[in-house]
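Peer 1: For reference, this is input_36.txt, and it has compact mmCIF, C-alpha atoms and all ligand atoms.
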# COMPACT_ATOMS: atom_id res chain seq x y z
CA MET R 257 0.00 0.00 0.00
CA ASN R 258 1.73 3.10 -1.23
CA ASP R 259 -0.83 5.60 -0.13
CA PHE R 260 -1.31 7.13 3.32
CA SER R 261 -4.61 8.88 2.68
CA ASP R 262 -6.44 6.41 4.96
CA ILE R 263 -4.39 7.43 8.00
CA GLN R 264 -6.64 9.02 10.62
CA ALA R 265 -4.22 9.48 13.49
CA VAL R 266 -0.52 10.23 13.76
CA MET R 267 1.16 9.45 17.07
CA VAL R 268 4.30 11.49 17.69
CA PRO R 269 6.64 11.06 20.67
CA ARG R 270 7.26 14.30 22.50
CA GLU R 271 11.04 14.00 22.08
CA VAL R 272 10.62 13.87 18.29
CA LEU R 273 8.74 17.17 18.49
CA GLU R 274 11.16 18.83 20.88
CA ASP R 275 14.39 17.55 19.30
CA GLY R 276 13.19 18.70 15.88
CA GLN R 277 12.20 22.05 17.31
CA ALA R 278 15.65 22.45 18.91
CA PHE R 279 17.37 21.72 15.59
CA MET R 280 15.23 24.26 13.74
CA ARG R 281 15.72 26.83 16.50
CA ALA R 282 19.52 26.48 16.30
CA ALA R 283 19.41 27.08 12.53
CA GLY R 284 17.08 30.03 13.09
CA LYS R 285 19.61 31.68 15.37
CA MET R 286 21.88 31.83 12.32
CA GLY R 287 19.04 33.23 10.22
CA ARG R 288 18.39 29.96 8.41
CA GLU R 289 15.35 27.81 7.84
CA ALA R 290 15.69 24.12 8.63
CA MET R 291 13.83 20.89 7.95
CA VAL R 292 13.32 17.67 9.85
CA LEU R 293 11.45 14.54 8.81
CA TRP R 294 9.28 12.14 10.78
CA ALA R 295 9.49 8.43 10.03
CA GLY R 296 7.73 5.43 11.45
CA LYS R 297 5.25 2.67 10.78
CA LYS R 298 1.62 2.45 9.77
CA ASP R 299 -0.72 0.21 11.74
CA SER R 300 -4.11 0.14 9.99
CA SER R 301 -5.32 3.75 10.11
CA THR R 302 -2.80 4.92 12.72
CA PHE R 303 0.75 6.00 11.97
CA HIS R 304 3.31 5.68 14.74
CA VAL R 305 6.25 8.04 14.39
CA THR R 306 9.38 6.38 15.77
CA ASP R 307 12.27 8.39 14.36
CA LEU R 308 13.24 12.00 13.90
CA VAL R 309 15.37 12.15 10.74
CA ILE R 310 17.54 15.19 10.12
CA PRO R 311 18.55 15.27 6.47
CA GLU R 312 21.74 16.83 5.25
CA GLN R 313 20.55 20.25 4.19
CA ARG R 314 21.57 23.69 3.23
CA GLY R 315 19.85 26.88 4.29
CA ILE R 316 20.21 29.63 1.74
CA SER R 317 19.36 33.31 1.75
CA THR R 318 18.29 35.21 -1.33
CA ASP R 319 16.83 38.66 -1.86
CA ASP R 320 13.41 37.02 -1.72
CA GLY R 321 14.00 35.43 1.65
CA VAL R 322 15.36 32.19 2.98
CA CYS R 323 14.80 28.57 2.10
CA VAL R 324 16.18 25.16 2.88
CA ILE R 325 17.39 22.65 0.32
CA VAL R 326 17.74 18.87 0.59
CA GLU R 327 19.46 17.25 -2.39
CA GLY R 328 17.79 14.36 -4.22
CA THR R 329 20.77 12.10 -3.55
CA GLU R 330 20.41 12.66 0.20
CA LEU R 331 16.71 11.87 0.01
CA ALA R 332 17.41 8.67 -1.92
CA ARG R 333 20.00 7.66 0.70
CA LEU R 334 17.54 8.26 3.55
CA ASN R 335 14.74 6.37 1.80
CA MET R 336 17.08 3.40 1.31
CA GLU R 337 18.04 3.45 4.98
CA LEU R 338 14.42 3.62 6.10
CA HIS R 339 13.39 0.90 3.69
CA LYS R 340 15.94 -1.48 5.27
CA ARG R 341 14.32 -0.86 8.65
CA GLY R 342 10.74 -1.14 7.39
CA LEU R 343 10.04 2.54 8.07
CA LYS R 344 8.51 5.26 5.92
CA PHE R 345 8.34 9.02 6.03
CA ILE R 346 5.01 10.47 7.12
CA ALA R 347 5.84 14.17 7.41
CA GLN R 348 8.28 16.95 6.75
CA VAL R 349 8.52 19.80 9.22
CA HIS R 350 10.27 23.06 8.42
CA SER R 351 10.65 26.46 9.96
CA HIS R 352 9.83 29.88 8.60
CA PRO R 353 11.31 33.17 9.84
CA GLY R 354 7.82 34.59 10.41
CA ALA R 355 4.35 33.32 9.59
CA ALA R 356 3.70 29.61 9.09
CA TYR R 357 2.14 28.77 5.71
CA HIS R 358 2.90 26.62 2.68
CA SER R 359 4.61 28.76 0.05
CA ASN R 360 4.53 27.95 -3.67
CA THR R 361 8.07 26.64 -3.29
CA ASP R 362 6.94 24.42 -0.43
CA ASP R 363 4.16 23.00 -2.64
CA THR R 364 6.42 22.42 -5.62
CA TYR R 365 9.59 21.15 -3.97
CA ALA R 366 8.19 19.11 -1.10
CA VAL R 367 10.59 16.47 0.18
CA VAL R 368 7.85 14.10 1.34
CA THR R 369 5.41 13.45 -1.49
CA ARG R 370 3.61 10.18 -0.81
CA ILE R 371 -0.19 10.68 -1.02
CA GLY R 372 -1.63 11.30 2.44
CA CYS R 373 1.66 12.56 3.89
CA PHE R 374 1.91 15.78 5.87
CA SER R 375 3.89 18.98 5.75
CA LEU R 376 4.11 21.08 8.88
CA VAL R 377 5.41 24.63 8.96
CA VAL R 378 6.64 26.07 12.24
CA PRO R 379 6.63 29.89 12.63
CA ASP R 380 9.25 32.30 14.01
CA PHE R 381 12.28 30.06 13.50
CA ALA R 382 10.92 27.61 16.10
CA ILE R 383 11.82 30.00 18.89
CA ARG R 384 9.10 28.62 21.21
CA SER R 385 8.34 25.06 22.29
CA PHE R 386 6.63 22.99 19.61
CA SER R 387 2.89 23.56 19.51
CA PHE R 388 0.50 22.00 17.02
CA ARG R 389 -1.73 25.02 17.54
CA GLU R 390 0.71 27.44 16.01
CA THR R 391 1.96 25.03 13.36
CA ALA R 392 0.47 25.20 9.87
CA ILE R 393 -0.45 21.67 8.78
CA TYR R 394 -0.98 20.49 5.20
CA ARG R 395 -1.66 17.12 3.62
CA ILE R 396 -1.14 16.04 0.04
CA ASN R 397 -4.15 14.56 -1.74
CA ARG R 398 -4.41 12.21 -4.71
CA ALA R 399 -4.37 15.18 -7.09
CA GLY R 400 -1.04 16.28 -5.64
CA GLN R 401 -2.50 19.34 -3.91
CA TRP R 402 -1.39 20.36 -0.43
CA LEU R 403 -4.53 21.18 1.57
CA ASP R 404 -5.05 22.31 5.16
CA ALA R 405 -5.24 19.40 7.57
CA PRO R 406 -6.72 19.42 11.07
CA THR R 407 -4.59 19.47 14.21
CA SER R 408 -6.84 16.79 15.64
CA LEU R 409 -5.11 14.14 13.48
CA PHE R 410 -2.01 14.45 15.66
CA HIS R 411 -1.50 13.02 19.11
CA ILE R 412 1.45 13.00 21.46
CA ALA R 413 2.43 9.33 21.78
CA GLY R 414 1.91 7.95 25.24
CA GLU R 415 0.08 10.98 26.52
CA GLY R 416 -3.36 10.17 25.14
CA GLY R 417 -6.05 12.56 24.08
CA TYR R 418 -6.00 15.31 21.55
CA TYR R 419 -3.41 18.00 21.60
CA GLY R 420 -4.09 21.60 20.74
CA ALA R 421 -7.37 21.09 18.92
CA CYS R 422 -9.20 24.38 18.59
ZN ZN R 501 8.39 27.09 3.64
Translate this structure into structure tokens?

Peer 2:
Amino acid sequence: MNDFSDIQAVMVPREVLEDGQAFMRAAGKMGREAMVLWAGKKDSSTFHVTDLVIPEQRGISTDDGVCVIVEGTELARLNMELHKRGLKFIAQVHSHPGAAYHSNTDDTYAVVTRIGCFSLVVPDFAIRSFSFRETAIYRINRAGQWLDAPTSLFHIAGEGGYYGAC
């Protein structure tokens, strides 16, 4: 099954959230965006995130702003590594200097592209603790469009209940 559109809940360990946030915050202190990836396993309609993956990346600044680049070869290497362990990517998470939204570049050059996968954008260079409430969340549909996805799909693993639904 190569499609994650039937996933109705994503369980994420708190340390995956906080470690990713810390990485993006450190990059932000140097004025750079950063990206982390969540990997794990699907169990019927629930996805269990097990690993925070930090790809080799390059933050660049242009007159138009900043962006983060992951080379195709690095992505292929990571996919191979995950495949060996029976894991798959479910989401990419990246920081923005200011507001959290999916830019045209984010739509076009997404790193994680499997149908039903997620893209989360964290505002303000991840300066605060991770919060689903202030994170912009998108999901890619069968037509390849990134659409808003509800916070209520995400749960902190082991802590039960919904987190930050509003
Ligand atoms: Zn972006």

Peer 1: Write out as a compact mmCIF listing (two decimals) with C-alpha atoms, in the frame of the given file which residues come within 10 Å of Phe388 (chain R) when counting all atoms listed in the file, dropping same-chain ones fewer than 3 positions away.

Peer 2:
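New file result-v4.txt:
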# COMPACT_ATOMS: atom_id res chain seq x y z
CA LEU R 273 8.74 17.17 18.49
CA LEU R 376 4.11 21.08 8.88
CA VAL R 377 5.41 24.63 8.96
CA VAL R 378 6.64 26.07 12.24
CA SER R 385 8.34 25.06 22.29
CA THR R 391 1.96 25.03 13.36
CA ALA R 392 0.47 25.20 9.87
CA ILE R 393 -0.45 21.67 8.78
CA PRO R 406 -6.72 19.42 11.07
CA THR R 407 -4.59 19.47 14.21
CA SER R 408 -6.84 16.79 15.64
CA PHE R 410 -2.01 14.45 15.66
CA HIS R 411 -1.50 13.02 19.11
CA TYR R 419 -3.41 18.00 21.60
CA GLY R 420 -4.09 21.60 20.74
CA ALA R 421 -7.37 21.09 18.92

Peer 1: For a quick check of your reading of the model, name the residues lying within 12 Å of the coordinate (11.3, 28.8, 24.2), counting only C-alpha atoms, and write them as a list in words.

Peer 2: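 Residues satisfying the cut-off, written out: Glu274, Gln277, Ala278, Arg281, Ala282, Asp380, Phe381, Ala382, Ile383, Arg384, Ser385, Phe386 and Ser387 of chain R.
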
Peer 1: Name the closest residue to ligand ZN 501 (chain R) among the candidates R:Gly400, R:Gly414, R:Gly315, R:Gly328; distances are taken between atoms, counting only C-alpha atoms and all ligand atoms.

Peer 2: R:Gly315

Peer 1: Extract, using all atoms listed in the file, all DNA, RNA and protein residues at most 9 Å from region 348-359 of chain R, discarding same-chain residues fewer than 2 positions from it, and format them as a PyMOL selection string.

Peer 2: chain R and resi 276-277+280-281+284+287-294+321-324+345-346+361-364+366-368+373-382+390-394+402

Peer 1: Region 397-399 of chain R: which residues within 8 Å, counting only C-alpha atoms, same-chain residues fewer than 5 positions away excluded, as a VMD selection string?

Peer 2: chain R and resid 261 371 to 372

Peer 1: For a test of reading the model, state the distance in Å between CA of Gly296 (chain R) and CA of Ile325 (chain R), rounded to one decimal.

Peer 2: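 Between these atoms lies a distance of 22.7 Å.
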
Peer 1: Return the single residue from R:Lys344, R:Asn360, R:Ala332, R:Leu308 that is closest to ligand ZN 501 (chain R), with distances computed using all atoms listed in the file.

Peer 2: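 Of R:Lys344, R:Asn360, R:Ala332, R:Leu308, the one nearest ligand ZN 501 (chain R), counting all atoms listed in the file, is R:Asn360.
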
Peer 1: Between CA of Tyr365 (chain R) and CA of Glu330 (chain R), what is the spacing in Å?

Peer 2: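 The value is 14.4 Å.
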